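J.: Got a structure for you, questions after.
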Amino acid sequence: MNRRKFMLAGAALGVAGYLFKPNDKGMPYNDYFTKVNQQLKRSGPYLPSMLVDLDLVDDNIAALSQVMNPNVDLRIVAKSVPSPELLGYLMDKANTNKLMVFHQPFLSHIALAYPKSDVLMGKPMPVQAAKVFYQNLNDQNQFDPKTQLQWLIDSEERLKQYLALAQSLDQHFKINIELDVGLHRGGLQQGDELDTLITLIENNDQFLSFSGFMGYDPHIVKIPSMVKSAEQAYQESQAIYKSFIDRLYTLNSHYKEQQLCFNGAGSPSLIMHKNNTLANELSAGSCFVKPVDFDLPSLSAFKPAAFIATPVLKKMKGTLLPAIEFAQNIFPLWDPNMQQTYFIYGGKWLAQYESPQGLQGNGLFGTSTNQEIVNSSKKVNLEVDDHIFLRPTQSEFVFLQFGSLITLRNQQMDSQWPILKQG
């Protein structure tokens with residue numbers, strides 16, 4: 001390469017570097033997190049904590065009433081808000097006793113804590129897990145599974161397992177059948193599969209009774225519009241649901257006279273059911289706290305209400321990394337968002353930095369569950385013992401990593417509510 005070409009290539013690289021140079025994204029706390037940080041510094045535990053703002057939860061309950069079909073019931077998804085007190089709060093505010101449960105230890109706890117609840121299992125449980133639930137029941141438990149609990153069944157084989165368990169325990173099981181309405185995560189796909197299950201239930205009515213269908217359809221608002229519109233996907237899912245209801249009534253017209261559970265939706269797809277739905281109840285949970293994964297157009301009326309707060313342990317100038325110490329002051333020249341380094345208490349959660357704005361992890365240093373490294377520009381004026389705030393990407397798993405929730409009212413600490421135990 002001659003000198004002229006070399007200089008042109010260098011200039012091109014320089015222009016490209018300038019064009020792709022990161023912008024300074026740093027900003028101080030907004031008013032909301034300024035107040036929450038001050039409150040935590042006065043009275044907080046100085047530990048990684050899960051915060052739930054009940055004022056924002058109340059706003060989300062109000063938003064739900066606007067997108068919810070007024071002719072159907074609400075069933076709260078317990079795994080998405082896994083705290084007994086939070087569940088109780090939502091049941092009271094939303095005026096429902098219906099819960100969807102996905103975990104046997106949660107079921108056992110809810111049966112004790114909310115003996116008047118109506119429970120639908122949200123996934124087919126191994127039959128041995130169901131057996132453990134009945135073994136844990138005692139005479140003091142006012143929850144009556146014969147009338148208040150629906151076991152979800154997805155196949156003939158699993159139904160036979162549950163029948164055998166019911167016979168061995170001399171119990172009666174309500175059976176709800178999972179339908180594949182387009183998500184393709186399990187459930188019946190063909191009408192003749194229903195024939196076999198209904199026949200098995202009716203031939204063993206001493207131990208089993210049919211209670212309804214569950215058709216989970218969050219995929220309808222997540223399919224790329226260039227592939228299929230949300231409305232088209234919704235109509236297709238409803239058509240599948242209707243085909244199973246029609247077949248059920250053909251098999252036995254007496255089911256038309258029964259109060260069956262036709263469960264549908266999920267937080268992402270609630271709004272699609274607003275004006276016309278085959279379901280007589282809709283499930284929702286994550287919309288009450290709106291983690292990052294639920295930043296969807298269909299949930300635009302809802303607000304984030306759950307945040308991880310964790311204190312800053314250390315603050316350093318620049319970005320000093322092992323074995324490349326010489327680059328400590330070079331990194332900030334390229335990326336102003338590496339002008340400062342913080343190490344925080346804990347880390348590596350399924351979460352995204354929320355406040356102050358402009359925080360970022362460091363891919364060269366790596367992640368840590370003990371002391372996560374966080375970089376920022378000088379505009380993020382945090383000090384040791386200030387708090388960094390993150391939004392969980394989902395609530396159902398991240399909540400379980402904390403022993404309790406700290407509830408907020410008016411950006412002030414209000415209560416401490418325990419998390420449901422996994423086992």
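Each chain in the structure tokens gets a letter, A, B and so on, in the order shown; residues start at 1 in every chain, and ligands are counted from 1 in the order they appear.
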Give the strand (DSSP E or B) residues of range 113-247 of chain A, as assigned by DSSP on the backbone, as a count of residues only.
T.: 26
J.: Can you list, as an NGL selection string, every protein, DNA or RNA residue that comes within 9 Å of range 302-307 of chain A when you count only C-alpha atoms, leaving out same-chain residues fewer than 3 positions away?
T.: :A and (49-57 or 59-61 or 63-64 or 287-292 or 295 or 299 or 351 or 354 or 389-392 or 395)
J.: Which residues, written as a list of chain:residue names, have at least one atom at most 9 Å from Glu383 in chain A, with only C-alpha atoms counted and residues fewer than 3 positions away on the same chain left out?
T.: A:Val312, A:Leu313, A:Lys314, A:Lys315, A:Tyr342, A:Asp386, A:His387
J.: Would you write out those residues with N, CA and C atoms, as a PDB file, in the first residue's frame?
T.:
ATOM      1  N   VAL A 312     -24.095   0.665  46.381  1.00  0.00           N
ATOM      2  CA  VAL A 312     -22.753   0.775  45.812  1.00  0.00           C
ATOM      3  C   VAL A 312     -21.743   0.517  46.926  1.00  0.00           C
ATOM      4  N   LEU A 313     -20.855  -0.432  46.695  1.00  0.00           N
ATOM      5  CA  LEU A 313     -19.818  -0.760  47.689  1.00  0.00           C
ATOM      6  C   LEU A 313     -18.529   0.021  47.472  1.00  0.00           C
ATOM      7  N   LYS A 314     -18.177   0.239  46.202  1.00  0.00           N
ATOM      8  CA  LYS A 314     -16.893   0.861  45.864  1.00  0.00           C
ATOM      9  C   LYS A 314     -17.064   1.767  44.648  1.00  0.00           C
ATOM     10  N   LYS A 315     -16.296   2.836  44.625  1.00  0.00           N
ATOM     11  CA  LYS A 315     -16.298   3.754  43.494  1.00  0.00           C
ATOM     12  C   LYS A 315     -14.875   4.044  43.088  1.00  0.00           C
ATOM     13  N   TYR A 342     -18.056   1.301  39.374  1.00  0.00           N
ATOM     14  CA  TYR A 342     -18.661   0.979  40.659  1.00  0.00           C
ATOM     15  C   TYR A 342     -18.678  -0.538  40.822  1.00  0.00           C
ATOM     16  N   ASP A 386     -24.888   4.902  48.011  1.00  0.00           N
ATOM     17  CA  ASP A 386     -26.053   5.150  47.168  1.00  0.00           C
ATOM     18  C   ASP A 386     -26.527   3.816  46.597  1.00  0.00           C
ATOM     19  N   HIS A 387     -27.723   3.817  46.012  1.00  0.00           N
ATOM     20  CA  HIS A 387     -28.286   2.581  45.468  1.00  0.00           C
ATOM     21  C   HIS A 387     -28.415   2.658  43.952  1.00  0.00           C
TER      22      HIS A 387
END
J.: Pick from A:Ser237, A:Val72, A:Ser243, A:Ser80: nearest to Leu194 in chain A, with only C-alpha atoms counted?
T.: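 Closest residue, counting only C-alpha atoms: A:Ser243.
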J.: Would you pick out the contacts of Glu281 in chain A at 12 Å or less, using only C-alpha atoms, so that residues sharing its chain but fewer than 3 positions from it are not included, and give the list as a ChimeraX atom specification?
T.: /A:68-76,96,98-100,120,212-216,259-266,270,273-274,277-278,284
J.: Applying 10 Å and only C-alpha atoms, which residues near Gln328 in chain A remain after dropping the ones on its own chain fewer than 2 positions away? List them as number ranges by chain.
T.: A: 317-322, 324-326, 330-333, 338-339
J.: Between CA of Gly44 in chain A and CA of Phe106 in chain A, measure the distance and give it in Å to one decimal.
T.: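 That distance, rounded to one decimal, is 28.3 Å.
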J.: Nearest to Gly285 in chain A: which of A:Ser267, A:Asn138, A:Ser377, A:Asn97 is it, counting only C-alpha atoms?
T.: A:Ser267
J.: If you count only C-alpha atoms, which residues fall within 9 Å of Pro268 in chain A, apart from same-chain ones fewer than 3 positions away, as number ranges by chain?
T.: A: 217-222, 265, 271-272, 284, 286-287, 294, 296-299
J.: For those residues, write C-alpha atoms to a file as a short mmCIF file (atom, residue, chain, number, x, y, z; two decimals), in the first residue's frame.
T.:
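As written to disk, selection13.cif reads:
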data_model
loop_
_atom_site.label_atom_id
_atom_site.label_comp_id
_atom_site.auth_asym_id
_atom_site.auth_seq_id
_atom_site.Cartn_x
_atom_site.Cartn_y
_atom_site.Cartn_z
CA ASP A 217 -52.14 -17.69 23.87
CA PRO A 218 -49.37 -15.10 24.54
CA HIS A 219 -47.81 -15.88 21.17
CA ILE A 220 -50.53 -13.99 19.31
CA VAL A 221 -49.02 -10.58 20.12
CA LYS A 222 -45.41 -11.69 19.65
CA ALA A 265 -55.08 -15.26 27.69
CA ILE A 271 -56.34 -6.85 25.35
CA MET A 272 -57.10 -9.13 22.39
CA ALA A 284 -52.88 -12.29 34.29
CA SER A 286 -46.90 -10.10 35.29
CA CYS A 287 -48.85 -7.03 34.20
CA PHE A 294 -43.52 -7.34 29.23
CA LEU A 296 -45.04 -4.85 24.80
CA PRO A 297 -47.41 -2.61 22.82
CA SER A 298 -50.33 -4.63 24.18
CA LEU A 299 -49.30 -3.63 27.73
#
J.: Excluding range 176-180 of chain A and its own-chain neighbours fewer than 3 positions away, which residues fall within 7 Å of it when counting only C-alpha atoms? Please give them as a PyMOL selection string.
T.: chain A and resi 150-154+183-184+186-189+210-215
J.: So which one's closest to Val380 in chain A, A:Gly122, A:Gly358, A:Pro105, A:Gly346? Using only C-alpha atoms, please.
T.: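 Looking only at the distances to Val380 in chain A, the closest residue turns out to be A:Gly358.
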